[in-house]
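Peer 1: Supplied structure: model.json, JSON, C-alpha atoms.
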[["chain", "number", "residue", "atom", "x", "y", "z"],
["X", 1, "MET", "CA", 180.08, -3.59, -124.29],
["X", 2, "ARG", "CA", 177.36, -4.37, -121.81],
["X", 3, "SER", "CA", 177.24, -7.99, -120.62],
["X", 4, "PRO", "CA", 174.06, -9.89, -121.49],
["X", 5, "GLY", "CA", 171.58, -10.40, -118.68],
["X", 6, "PRO", "CA", 171.23, -13.89, -117.20],
["X", 7, "LEU", "CA", 168.86, -16.32, -118.84],
["X", 8, "PRO", "CA", 165.82, -17.53, -116.91],
["X", 9, "GLU", "CA", 166.44, -20.64, -114.82],
["X", 10, "THR", "CA", 164.35, -22.74, -117.23],
["X", 11, "LEU", "CA", 166.75, -22.02, -120.11],
["X", 12, "ARG", "CA", 170.13, -22.07, -118.38],
["X", 13, "GLY", "CA", 172.73, -24.70, -119.23],
["X", 14, "ARG", "CA", 170.79, -26.30, -122.06],
["X", 15, "SER", "CA", 169.89, -25.82, -125.68],
["X", 16, "PHE", "CA", 166.55, -24.17, -126.36],
["X", 17, "THR", "CA", 164.44, -23.01, -129.27],
["X", 18, "LEU", "CA", 163.54, -19.42, -130.03],
["X", 19, "SER", "CA", 159.93, -20.35, -129.30],
["X", 20, "GLU", "CA", 160.94, -21.49, -125.81],
["X", 21, "GLN", "CA", 162.87, -18.26, -125.38],
["X", 22, "ARG", "CA", 159.84, -16.15, -126.24],
["X", 23, "ALA", "CA", 157.61, -18.28, -124.01],
["X", 24, "ALA", "CA", 160.02, -17.57, -121.14],
["X", 25, "GLY", "CA", 159.52, -13.83, -121.69],
["X", 26, "VAL", "CA", 162.98, -13.18, -123.17],
["X", 27, "SER", "CA", 163.29, -10.74, -126.07],
["X", 28, "ASP", "CA", 164.31, -11.96, -129.54],
["X", 29, "ASN", "CA", 167.49, -9.85, -129.42],
["X", 30, "ARG", "CA", 168.82, -11.92, -126.52],
["X", 31, "ALA", "CA", 169.35, -14.85, -128.92],
["X", 32, "TRP", "CA", 172.18, -12.97, -130.62],
["X", 33, "ASN", "CA", 174.30, -12.26, -127.56],
["X", 34, "LYS", "CA", 177.85, -13.60, -127.52],
["X", 35, "ASP", "CA", 177.22, -16.06, -124.66],
["X", 36, "LEU", "CA", 175.00, -18.15, -126.97],
["X", 37, "ARG", "CA", 175.94, -20.05, -130.09],
["X", 38, "VAL", "CA", 173.68, -20.96, -133.00],
["X", 39, "ALA", "CA", 173.55, -24.74, -132.84],
["X", 40, "SER", "CA", 171.00, -24.97, -135.65],
["X", 41, "ARG", "CA", 168.32, -22.80, -137.21],
["X", 42, "GLY", "CA", 166.11, -21.53, -134.40],
["X", 43, "VAL", "CA", 168.21, -23.26, -131.70],
["X", 44, "ARG", "CA", 170.61, -21.67, -129.21],
["X", 45, "VAL", "CA", 173.09, -23.27, -126.81],
["X", 46, "PRO", "CA", 175.04, -21.51, -124.04],
["X", 47, "TRP", "CA", 178.76, -21.68, -124.83],
["X", 48, "GLY", "CA", 180.52, -24.45, -122.90],
["X", 49, "ALA", "CA", 177.31, -26.22, -121.87],
["X", 50, "ALA", "CA", 177.50, -29.95, -122.64],
["X", 51, "GLN", "CA", 174.27, -31.29, -124.09],
["X", 52, "GLU", "CA", 172.92, -34.80, -123.65],
["X", 53, "LEU", "CA", 172.10, -36.46, -126.96],
["X", 54, "ALA", "CA", 168.60, -37.36, -125.77],
["X", 55, "HIS", "CA", 167.85, -33.70, -125.03],
["X", 56, "THR", "CA", 169.20, -32.60, -128.42],
["X", 57, "GLY", "CA", 167.25, -35.32, -130.23],
["X", 58, "ARG", "CA", 164.07, -34.42, -128.38],
["X", 59, "LEU", "CA", 164.50, -30.75, -129.26],
["X", 60, "LEU", "CA", 165.33, -31.25, -132.96],
["X", 61, "THR", "CA", 162.56, -33.75, -133.63],
["X", 62, "GLY", "CA", 160.19, -31.39, -131.81],
["X", 63, "ILE", "CA", 160.89, -28.53, -134.25],
["X", 64, "SER", "CA", 161.01, -30.89, -137.26],
["X", 65, "PRO", "CA", 157.60, -32.61, -137.35],
["X", 66, "GLY", "CA", 157.47, -36.03, -138.97],
["X", 67, "THR", "CA", 161.06, -36.90, -138.10],
["X", 68, "VAL", "CA", 162.80, -39.50, -135.97],
["X", 69, "CYS", "CA", 166.40, -39.93, -134.88],
["X", 70, "CYS", "CA", 168.00, -42.61, -137.02],
["X", 71, "GLY", "CA", 171.31, -44.28, -137.88],
["X", 72, "PRO", "CA", 174.19, -43.61, -135.45],
["X", 73, "THR", "CA", 172.08, -41.22, -133.35],
["X", 74, "ALA", "CA", 169.35, -43.81, -132.79],
["X", 75, "ALA", "CA", 171.99, -46.49, -132.16],
["X", 76, "ILE", "CA", 173.59, -44.44, -129.37],
["X", 77, "LEU", "CA", 170.18, -43.80, -127.82],
["X", 78, "TRP", "CA", 169.59, -47.58, -127.91],
["X", 79, "ARG", "CA", 173.02, -47.91, -126.20],
["X", 80, "CYS", "CA", 174.41, -49.82, -129.14],
["X", 81, "PRO", "CA", 178.24, -49.75, -129.16],
["X", 82, "LEU", "CA", 179.75, -48.06, -132.22],
["X", 83, "PRO", "CA", 183.30, -47.46, -133.44],
["X", 84, "PHE", "CA", 184.80, -44.42, -131.71],
["X", 85, "ASP", "CA", 184.85, -42.14, -134.76],
["X", 86, "LEU", "CA", 181.19, -42.78, -135.53],
["X", 87, "GLU", "CA", 180.08, -42.45, -131.91],
["X", 88, "ARG", "CA", 181.88, -39.12, -131.50],
["X", 89, "GLN", "CA", 180.91, -37.49, -134.79],
["X", 90, "PRO", "CA", 178.93, -34.31, -134.06],
["X", 91, "LEU", "CA", 175.93, -34.68, -136.38],
["X", 92, "VAL", "CA", 172.43, -35.64, -135.28],
["X", 93, "HIS", "CA", 170.89, -38.03, -137.82],
["X", 94, "LEU", "CA", 167.23, -37.32, -138.57],
["X", 95, "LEU", "CA", 164.88, -39.17, -140.90],
["X", 96, "ARG", "CA", 161.69, -37.65, -142.34],
["X", 97, "TRP", "CA", 159.16, -40.45, -142.57],
["X", 98, "ASP", "CA", 155.89, -38.65, -143.39],
["X", 99, "GLY", "CA", 156.63, -37.66, -146.99],
["X", 100, "GLY", "CA", 157.73, -34.10, -146.26],
["X", 101, "ASN", "CA", 161.05, -32.52, -147.16],
["X", 102, "ARG", "CA", 164.18, -34.02, -145.63],
["X", 103, "PRO", "CA", 165.55, -32.07, -142.65],
["X", 104, "VAL", "CA", 168.13, -29.50, -143.73],
["X", 105, "ARG", "CA", 169.75, -27.57, -140.91],
["X", 106, "LYS", "CA", 173.12, -26.99, -139.27],
["X", 107, "GLY", "CA", 174.34, -29.95, -137.21],
["X", 108, "VAL", "CA", 171.87, -32.37, -138.80],
["X", 109, "ALA", "CA", 172.37, -35.17, -141.32],
["X", 110, "GLY", "CA", 168.89, -35.48, -142.81],
["X", 111, "ARG", "CA", 167.23, -37.89, -145.18],
["X", 112, "ARG", "CA", 163.73, -38.86, -146.27],
["X", 113, "VAL", "CA", 162.46, -42.46, -146.18],
["X", 114, "ALA", "CA", 158.96, -43.86, -145.76],
["X", 115, "LEU", "CA", 158.72, -45.85, -142.53],
["X", 116, "ARG", "CA", 156.10, -48.21, -141.20],
["X", 117, "ALA", "CA", 154.59, -47.37, -137.84],
["X", 118, "ALA", "CA", 156.32, -50.47, -136.42],
["X", 119, "ASP", "CA", 159.68, -48.96, -137.36],
["X", 120, "ARG", "CA", 159.11, -45.87, -135.21],
["X", 121, "GLN", "CA", 159.45, -45.93, -131.42],
["X", 122, "THR", "CA", 160.37, -43.55, -128.61],
["X", 123, "ILE", "CA", 163.08, -43.58, -125.94],
["X", 124, "ASP", "CA", 162.49, -41.19, -123.03],
["X", 125, "GLY", "CA", 160.25, -39.10, -125.25],
["X", 126, "VAL", "CA", 162.69, -39.04, -128.19],
["X", 127, "PRO", "CA", 161.27, -40.38, -131.49],
["X", 128, "VAL", "CA", 163.71, -42.96, -132.90],
["X", 129, "THR", "CA", 163.81, -45.75, -135.42],
["X", 130, "SER", "CA", 163.10, -49.18, -133.96],
["X", 131, "PRO", "CA", 166.04, -51.38, -132.92],
["X", 132, "ALA", "CA", 165.77, -53.57, -136.02],
["X", 133, "ARG", "CA", 165.46, -50.62, -138.40],
["X", 134, "THR", "CA", 168.34, -48.83, -136.65],
["X", 135, "TRP", "CA", 170.54, -51.89, -137.16],
["X", 136, "LEU", "CA", 169.64, -52.08, -140.84],
["X", 137, "ASP", "CA", 170.56, -48.41, -141.31],
["X", 138, "LEU", "CA", 173.97, -49.13, -139.74],
["X", 139, "ALA", "CA", 174.71, -51.77, -142.40],
["X", 140, "ALA", "CA", 175.92, -49.11, -144.86],
["X", 141, "LEU", "CA", 178.17, -47.48, -142.24],
["X", 142, "LEU", "CA", 179.81, -50.20, -140.15],
["X", 143, "PRO", "CA", 182.59, -52.66, -140.97],
["X", 144, "HIS", "CA", 181.44, -56.28, -141.01],
["X", 145, "ASP", "CA", 182.58, -57.29, -137.49],
["X", 146, "ASP", "CA", 181.13, -54.13, -135.94],
["X", 147, "LEU", "CA", 177.80, -54.78, -137.66],
["X", 148, "VAL", "CA", 177.73, -58.30, -136.21],
["X", 149, "ALA", "CA", 178.51, -56.82, -132.79],
["X", 150, "ALA", "CA", 175.64, -54.35, -133.22],
["X", 151, "ALA", "CA", 173.28, -57.22, -134.09],
["X", 152, "ASP", "CA", 174.48, -59.14, -131.03],
["X", 153, "HIS", "CA", 173.73, -56.07, -128.90],
["X", 154, "PHE", "CA", 170.15, -55.73, -130.15],
["X", 155, "ILE", "CA", 169.26, -59.43, -129.83],
["X", 156, "CYS", "CA", 171.15, -60.11, -126.58],
["X", 157, "SER", "CA", 169.22, -61.61, -123.68],
["X", 158, "GLN", "CA", 170.74, -62.84, -120.45],
["X", 159, "SER", "CA", 169.18, -64.53, -117.44],
["X", 160, "ARG", "CA", 171.73, -65.34, -114.75],
["X", 161, "SER", "CA", 171.80, -66.24, -111.11],
["X", 162, "PHE", "CA", 174.21, -63.33, -110.57],
["X", 163, "GLY", "CA", 175.00, -59.96, -112.12],
["X", 164, "HIS", "CA", 172.71, -58.06, -114.46],
["X", 165, "ASN", "CA", 170.09, -59.64, -116.69],
["X", 166, "ARG", "CA", 169.14, -58.32, -120.11],
["X", 167, "ALA", "CA", 166.05, -58.46, -122.26],
["X", 168, "ALA", "CA", 166.50, -58.44, -126.03],
["X", 169, "LEU", "CA", 165.59, -55.19, -127.79],
["X", 170, "CYS", "CA", 164.50, -57.21, -130.81],
["X", 171, "SER", "CA", 164.88, -60.73, -132.20],
["X", 172, "LEU", "CA", 167.10, -62.15, -134.91],
["X", 173, "GLU", "CA", 163.94, -62.66, -136.95],
["X", 174, "ASP", "CA", 163.13, -58.95, -136.59],
["X", 175, "LEU", "CA", 166.54, -58.14, -138.11],
["X", 176, "ARG", "CA", 166.01, -60.67, -140.88],
["X", 177, "SER", "CA", 162.58, -59.23, -141.68],
["X", 178, "GLN", "CA", 164.08, -55.76, -142.06],
["X", 179, "VAL", "CA", 166.63, -57.03, -144.57],
["X", 180, "GLU", "CA", 164.07, -59.04, -146.53],
["X", 181, "GLY", "CA", 161.61, -56.12, -146.55],
["X", 182, "ASN", "CA", 164.14, -53.60, -147.90],
["X", 183, "PRO", "CA", 165.74, -55.27, -150.94],
["X", 184, "GLY", "CA", 167.22, -52.07, -152.40],
["X", 185, "ILE", "CA", 168.73, -50.55, -149.28],
["X", 186, "ARG", "CA", 172.41, -49.64, -149.10],
["X", 187, "GLY", "CA", 174.51, -52.11, -147.12],
["X", 188, "ARG", "CA", 172.13, -55.02, -147.66],
["X", 189, "ARG", "CA", 174.91, -57.46, -148.57],
["X", 190, "ASN", "CA", 176.80, -56.50, -145.42],
["X", 191, "ALA", "CA", 173.61, -57.05, -143.42],
["X", 192, "LEU", "CA", 172.98, -60.49, -144.94],
["X", 193, "LEU", "CA", 176.51, -61.64, -144.11],
["X", 194, "ALA", "CA", 176.25, -60.26, -140.57],
["X", 195, "LEU", "CA", 172.94, -62.03, -139.95],
["X", 196, "GLU", "CA", 174.57, -65.42, -140.53],
["X", 197, "LEU", "CA", 177.06, -64.72, -137.73],
["X", 198, "ALA", "CA", 174.87, -62.95, -135.15],
["X", 199, "ARG", "CA", 174.28, -64.94, -131.97],
["X", 200, "VAL", "CA", 172.19, -64.41, -128.84],
["X", 201, "GLY", "CA", 174.20, -64.04, -125.64],
["X", 202, "ALA", "CA", 177.23, -61.88, -126.48],
["X", 203, "ASP", "CA", 177.61, -59.20, -123.81],
["X", 204, "SER", "CA", 180.15, -56.92, -125.47],
["X", 205, "VAL", "CA", 181.90, -56.00, -128.71],
["X", 206, "PRO", "CA", 185.18, -57.72, -127.70],
["X", 207, "GLU", "CA", 183.30, -60.96, -127.01],
["X", 208, "THR", "CA", 181.75, -60.84, -130.47],
["X", 209, "LYS", "CA", 185.02, -59.98, -132.20],
["X", 210, "LEU", "CA", 186.84, -62.76, -130.36],
["X", 211, "ARG", "CA", 184.16, -65.25, -131.40],
["X", 212, "LEU", "CA", 184.39, -64.12, -135.03],
["X", 213, "ALA", "CA", 188.18, -64.43, -134.98],
["X", 214, "ILE", "CA", 187.87, -67.97, -133.59],
["X", 215, "GLY", "CA", 185.60, -68.85, -136.51],
["X", 216, "ARG", "CA", 187.98, -67.36, -139.08],
["X", 217, "ARG", "CA", 190.82, -69.52, -137.72],
["X", 218, "GLY", "CA", 188.87, -72.73, -138.26],
["X", 219, "LEU", "CA", 188.20, -73.57, -134.61],
["X", 220, "PRO", "CA", 184.88, -75.04, -133.41],
["X", 221, "GLU", "CA", 182.15, -72.50, -132.72],
["X", 222, "PRO", "CA", 182.00, -71.65, -129.01],
["X", 223, "VAL", "CA", 178.77, -71.78, -127.02],
["X", 224, "LEU", "CA", 177.35, -68.59, -125.49],
["X", 225, "ARG", "CA", 175.42, -68.46, -122.21],
["X", 226, "PHE", "CA", 176.84, -71.82, -121.10],
["X", 227, "VAL", "CA", 176.83, -72.48, -117.35],
["X", 228, "VAL", "CA", 179.66, -74.54, -115.85],
["X", 229, "GLN", "CA", 178.21, -76.62, -113.00],
["X", 230, "ASP", "CA", 179.65, -79.10, -110.51],
["X", 231, "SER", "CA", 178.26, -82.60, -109.92],
["X", 232, "THR", "CA", 175.54, -81.22, -107.63],
["X", 233, "GLY", "CA", 174.30, -78.71, -110.19],
["X", 234, "TRP", "CA", 175.88, -75.74, -108.41],
["X", 235, "GLU", "CA", 176.74, -72.95, -110.85],
["X", 236, "LEU", "CA", 180.47, -72.27, -110.84],
["X", 237, "ALA", "CA", 180.94, -69.93, -113.80],
["X", 238, "TRP", "CA", 179.32, -68.26, -116.79],
["X", 239, "PRO", "CA", 182.22, -68.01, -119.27],
["X", 240, "ASP", "CA", 181.93, -65.56, -122.13],
["X", 241, "LEU", "CA", 182.62, -68.39, -124.59],
["X", 242, "ALA", "CA", 182.68, -72.10, -123.84],
["X", 243, "PHE", "CA", 183.65, -75.35, -125.53],
["X", 244, "PRO", "CA", 181.76, -77.85, -123.33],
["X", 245, "ARG", "CA", 182.95, -80.89, -125.27],
["X", 246, "TYR", "CA", 186.56, -80.00, -124.47],
["X", 247, "LYS", "CA", 185.90, -78.34, -121.12],
["X", 248, "VAL", "CA", 187.54, -75.08, -122.18],
["X", 249, "ALA", "CA", 186.20, -71.72, -120.94],
["X", 250, "ILE", "CA", 187.19, -68.41, -122.55],
["X", 251, "ASN", "CA", 186.78, -65.04, -120.87],
["X", 252, "TYR", "CA", 187.53, -61.57, -122.16],
["X", 253, "ASP", "CA", 188.55, -59.32, -119.28],
["X", 254, "GLY", "CA", 187.94, -55.62, -119.85],
["X", 255, "GLY", "CA", 188.92, -52.69, -117.65],
["X", 256, "HIS", "CA", 186.58, -53.55, -114.76],
["X", 257, "HIS", "CA", 188.54, -56.76, -114.18],
["X", 258, "LEU", "CA", 191.55, -54.72, -113.03],
["X", 259, "THR", "CA", 190.13, -54.02, -109.58],
["X", 260, "ALA", "CA", 191.53, -56.10, -106.71],
["X", 261, "GLU", "CA", 188.06, -57.38, -105.82],
["X", 262, "GLN", "CA", 187.31, -58.49, -109.38],
["X", 263, "LYS", "CA", 190.73, -60.12, -109.78],
["X", 264, "GLU", "CA", 190.11, -62.17, -106.65],
["X", 265, "SER", "CA", 186.69, -63.18, -107.93],
["X", 266, "ASP", "CA", 188.18, -64.24, -111.28],
["X", 267, "ILE", "CA", 190.83, -66.35, -109.53],
["X", 268, "ARG", "CA", 188.15, -68.13, -107.47],
["X", 269, "ARG", "CA", 186.15, -68.75, -110.63],
["X", 270, "ASP", "CA", 189.09, -70.26, -112.50],
["X", 271, "GLU", "CA", 190.13, -72.43, -109.54],
["X", 272, "SER", "CA", 186.60, -73.75, -109.07],
["X", 273, "ILE", "CA", 186.24, -74.93, -112.67],
["X", 274, "ALA", "CA", 189.81, -76.28, -112.76],
["X", 275, "ALA", "CA", 188.84, -78.54, -109.87],
["X", 276, "ILE", "CA", 186.30, -80.30, -112.13],
["X", 277, "GLY", "CA", 188.63, -80.58, -115.12],
["X", 278, "TRP", "CA", 187.98, -77.36, -117.00],
["X", 279, "THR", "CA", 190.68, -75.19, -118.56],
["X", 280, "SER", "CA", 190.24, -71.42, -118.37],
["X", 281, "VAL", "CA", 191.74, -69.03, -120.92],
["X", 282, "THR", "CA", 191.64, -65.31, -120.19],
["X", 283, "ILE", "CA", 192.07, -62.77, -123.00],
["X", 284, "THR", "CA", 192.71, -59.19, -121.92],
["X", 285, "ALA", "CA", 192.54, -55.85, -123.67],
["X", 286, "ARG", "CA", 196.32, -55.73, -123.50],
["X", 287, "HIS", "CA", 196.59, -59.01, -125.41],
["X", 288, "VAL", "CA", 194.28, -57.69, -128.12],
["X", 289, "LYS", "CA", 196.11, -54.38, -128.35],
["X", 290, "ALA", "CA", 199.39, -56.24, -128.87],
["X", 291, "CYS", "CA", 198.30, -58.62, -131.64],
["X", 292, "GLY", "CA", 194.62, -58.13, -132.49],
["X", 293, "PHE", "CA", 191.72, -60.53, -132.05],
["X", 294, "ASP", "CA", 192.99, -62.88, -134.76],
["X", 295, "GLY", "CA", 196.40, -62.89, -133.09],
["X", 296, "VAL", "CA", 195.13, -64.02, -129.68],
["X", 297, "VAL", "CA", 193.27, -67.01, -131.07],
["X", 298, "HIS", "CA", 196.44, -69.13, -130.81],
["X", 299, "ARG", "CA", 195.87, -69.20, -127.02],
["X", 300, "VAL", "CA", 192.39, -70.67, -127.55],
["X", 301, "ARG", "CA", 193.74, -73.11, -130.14],
["X", 302, "GLY", "CA", 196.43, -74.29, -127.70],
["X", 303, "ALA", "CA", 193.91, -74.94, -124.92],
["X", 304, "LEU", "CA", 191.63, -76.88, -127.28],
["X", 305, "ALA", "CA", 194.50, -78.94, -128.63],
["X", 306, "CYS", "CA", 195.57, -79.87, -125.11],
["X", 307, "ALA", "CA", 191.99, -80.93, -124.41],
["X", 308, "GLY", "CA", 191.90, -83.30, -127.38],
["X", 309, "TRP", "CA", 190.64, -81.19, -130.27],
["X", 310, "VAL", "CA", 192.19, -82.04, -133.63],
["X", 311, "SER", "CA", 192.06, -79.63, -136.53],
["X", 312, "GLU", "CA", 190.46, -81.00, -139.69],
["X", 313, "ALA", "CA", 192.61, -78.76, -141.90]]
For this file, produce the structure as structure tokens.
Peer 2:
Amino acid sequence: MRSPGPLPETLRGRSFTLSEQRAAGVSDNRAWNKDLRVASRGVRVPWGAAQELAHTGRLLTGISPGTVCCGPTAAILWRCPLPFDLERQPLVHLLRWDGGNRPVRKGVAGRRVALRAADRQTIDGVPVTSPARTWLDLAALLPHDDLVAAADHFICSQSRSFGHNRAALCSLEDLRSQVEGNPGIRGRRNALLALELARVGADSVPETKLRLAIGRRGLPEPVLRFVVQDSTGWELAWPDLAFPRYKVAINYDGGHHLTAEQKESDIRRDESIAAIGWTSVTITARHVKACGFDGVVHRVRGALACAGWVSEA
């Protein structure tokens, strides 16, 4: 069998529509050669070519007028952390907002819901649901703690003298307005419970889950975005979670803390705050893997007890 001729440079290594193929001067028959797979109706992808989600979303919304990426797809495009199984599932979630038929095609999870203009935005040319609407759609899909972590992601803002700063994608009030404005939506109870626990300043899912575990165990609520300073006002540390009254700082160390340079920086941080009477507790991914977030809270409890905290239970 004769091998198919090469695709034009403009179509190589990416998904494309049959309309794009014709515009590139390629015959319709070329779409059925064995080096291409049918990703969805009217869409071809070269076998073995990895596709960025933004490109796929841009393509599918382009051939499905009146649609936006929603749910898990929009969340990923907003860089919202999701549980592994949801993040890796292969479907693109599309929502038809203009009253037309819901999208029905291979590789697409489609639905039809009327959306306000304020609930539709774009990311790099990809139509998506707004951050607040995306979060509300996740309420029917995510476990409670993961939904709180998603809320923390969308409302997080950070302004530090070091490292990266972040601007919030939306406010806590934006999330609350979505819940109040959609009384019949699936997952609303989950959303209402998550709203009560969402806080501005959490940088990662582990930080949120550690904070929630601390609350479940009856400990005081830690402060986010607290700056430990010396007597001159010099900033010594930005702990992930802090108990200023008891001078206890909690940090969750992920994979990037394993480098020699970062370890040295962490040691200097802990020594500097110890010199002014603070206790530092470091929770690692290995600790959590061994006994879960609820299981590591005993280390926080011990530090607080040593600093004078007395349980009311």
Peer 1: Using all atoms listed in the file, find all polymer residues with an atom at most 12 Å away from the point (161.0, -30.8, -145.9); report them as a CSV table (one decimal) with C-alpha atoms, keeping the file's coordinate frame.
Peer 2:
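Ended up saving to selection_12.csv:
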chain,number,residue,atom,x,y,z
X,63,ILE,CA,160.9,-28.5,-134.2
X,64,SER,CA,161.0,-30.9,-137.3
X,65,PRO,CA,157.6,-32.6,-137.4
X,66,GLY,CA,157.5,-36.0,-139.0
X,67,THR,CA,161.1,-36.9,-138.1
X,94,LEU,CA,167.2,-37.3,-138.6
X,95,LEU,CA,164.9,-39.2,-140.9
X,96,ARG,CA,161.7,-37.6,-142.3
X,97,TRP,CA,159.2,-40.4,-142.6
X,98,ASP,CA,155.9,-38.6,-143.4
X,99,GLY,CA,156.6,-37.7,-147.0
X,100,GLY,CA,157.7,-34.1,-146.3
X,101,ASN,CA,161.0,-32.5,-147.2
X,102,ARG,CA,164.2,-34.0,-145.6
X,103,PRO,CA,165.6,-32.1,-142.6
X,104,VAL,CA,168.1,-29.5,-143.7
X,105,ARG,CA,169.8,-27.6,-140.9
X,110,GLY,CA,168.9,-35.5,-142.8
X,111,ARG,CA,167.2,-37.9,-145.2
X,112,ARG,CA,163.7,-38.9,-146.3
X,113,VAL,CA,162.5,-42.5,-146.2
Peer 1: Can you tell me, as JSON, numbers by chain, what residues are no more than 8 Å from Pro206 in chain X when counting all atoms listed in the file, ignoring any on the same chain fewer than 3 positions away?
Peer 2: {"X": [209, 210, 252]}
Peer 1: Counting only C-alpha atoms, note down every residue that has an atom within 12 Å of the point (175.7, -19.5, -130.1) (file coordinates), as a count of residues only.
Peer 2: 24
Peer 1: Do you have the CA of Ala149 in chain X-CA of Thr208 in chain X distance handy?
Peer 2: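 Going from CA of Ala149 in chain X over to CA of Thr208 in chain X covers 5.7 Å.
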Peer 1: I'd like to know which of X:Ala117, X:Trp234, X:Arg176, X:Leu7 is closest to Ser272 in chain X, using only C-alpha atoms.
Peer 2: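 Using only C-alpha atoms, Ser272 in chain X sits closest to X:Trp234.
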Peer 1: Which neighbours of range 131-137 of chain X fall inside 7 Å, counting all atoms listed in the file, when residues of the same chain fewer than 2 positions from it are skipped, and could you give them as a PyMOL selection string?
Peer 2: chain X and resi 70-71+74-75+119+129+139-140+150-151+154+169-170+174-175+178-179+191
Peer 1: What lies within 6 Å of range 237-242 of chain X using all atoms listed in the file, ignoring chain neighbours under 4 positions off, as a short mmCIF file (atom, residue, chain, number, x, y, z; two decimals) with C-alpha atoms, in the coordinates of the input?
Peer 2:
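Final file, result08.cif:
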data_model
loop_
_atom_site.label_atom_id
_atom_site.label_comp_id
_atom_site.auth_asym_id
_atom_site.auth_seq_id
_atom_site.Cartn_x
_atom_site.Cartn_y
_atom_site.Cartn_z
CA PRO X 222 182.00 -71.65 -129.01
CA VAL X 223 178.77 -71.78 -127.02
CA LEU X 224 177.35 -68.59 -125.49
CA VAL X 227 176.83 -72.48 -117.35
CA VAL X 228 179.66 -74.54 -115.85
CA VAL X 248 187.54 -75.08 -122.18
CA ALA X 249 186.20 -71.72 -120.94
CA ILE X 250 187.19 -68.41 -122.55
CA ASN X 251 186.78 -65.04 -120.87
#
Peer 1: Figure out the distance between CA of Pro6 in chain X and CA of Ala50 in chain X, please, to one decimal in Å.
Peer 2: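 Here the two named atoms are 18.1 Å from each other.
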Peer 1: Of the residues X:Gly277, X:Pro90, X:Gly13, X:Gly181, which is the one nearest to Leu53 in chain X, using only C-alpha atoms?
Peer 2: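 Of X:Gly277, X:Pro90, X:Gly13, X:Gly181, the one nearest Leu53 in chain X is X:Pro90, counting only C-alpha atoms.
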Peer 1: My list of candidates is X:Ile276, X:Val108, X:Ala198, X:Cys306. Which is closest to Glu173 in chain X when distances are computed with only C-alpha atoms?
Peer 2: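 For Glu173 in chain X, the nearest of the candidates is X:Ala198.
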Peer 1: So, counting all atoms listed in the file, which residue among X:Val296, X:Leu86, X:Arg268, X:Arg217 is closest to Ser311 in chain X?
Peer 2: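 Ranking X:Val296, X:Leu86, X:Arg268, X:Arg217 by distance to Ser311 in chain X, first place goes to X:Arg217.
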Peer 1: Which one of X:His144, X:Arg225, X:Arg211, X:His153 sits closest to Arg189 in chain X if you count all atoms listed in the file?
Peer 2: X:His144
Peer 1: By how many Å are CA of His164 in chain X and CA of Val297 in chain X apart?
Peer 2: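 Computing it gives 27.9 Å between the two atoms.
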Peer 1: Nearest residue to Ile283 in chain X out of X:Gln121, X:Val300, X:Glu264, X:Val128, using all atoms listed in the file?
Peer 2: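 Between X:Gln121, X:Val300, X:Glu264, X:Val128, the residue approaching Ile283 in chain X most closely is X:Val300.
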Peer 1: Near Thr56 in chain X, within 9 Å and counting all atoms listed in the file, which residues show up once chain neighbours fewer than 5 positions away are dropped, as an mmCIF file with C-alpha atoms, in the frame of the given file?
Peer 2:
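Below you can see selection-v7.cif, which holds the result:
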data_model
loop_
_atom_site.group_PDB
_atom_site.id
_atom_site.type_symbol
_atom_site.label_atom_id
_atom_site.label_comp_id
_atom_site.auth_asym_id
_atom_site.auth_seq_id
_atom_site.Cartn_x
_atom_site.Cartn_y
_atom_site.Cartn_z
ATOM 1 C CA SER X 15 169.890 -25.820 -125.680
ATOM 2 C CA GLN X 51 174.270 -31.290 -124.090
ATOM 3 C CA THR X 61 162.560 -33.750 -133.630
ATOM 4 C CA VAL X 92 172.430 -35.640 -135.280
#
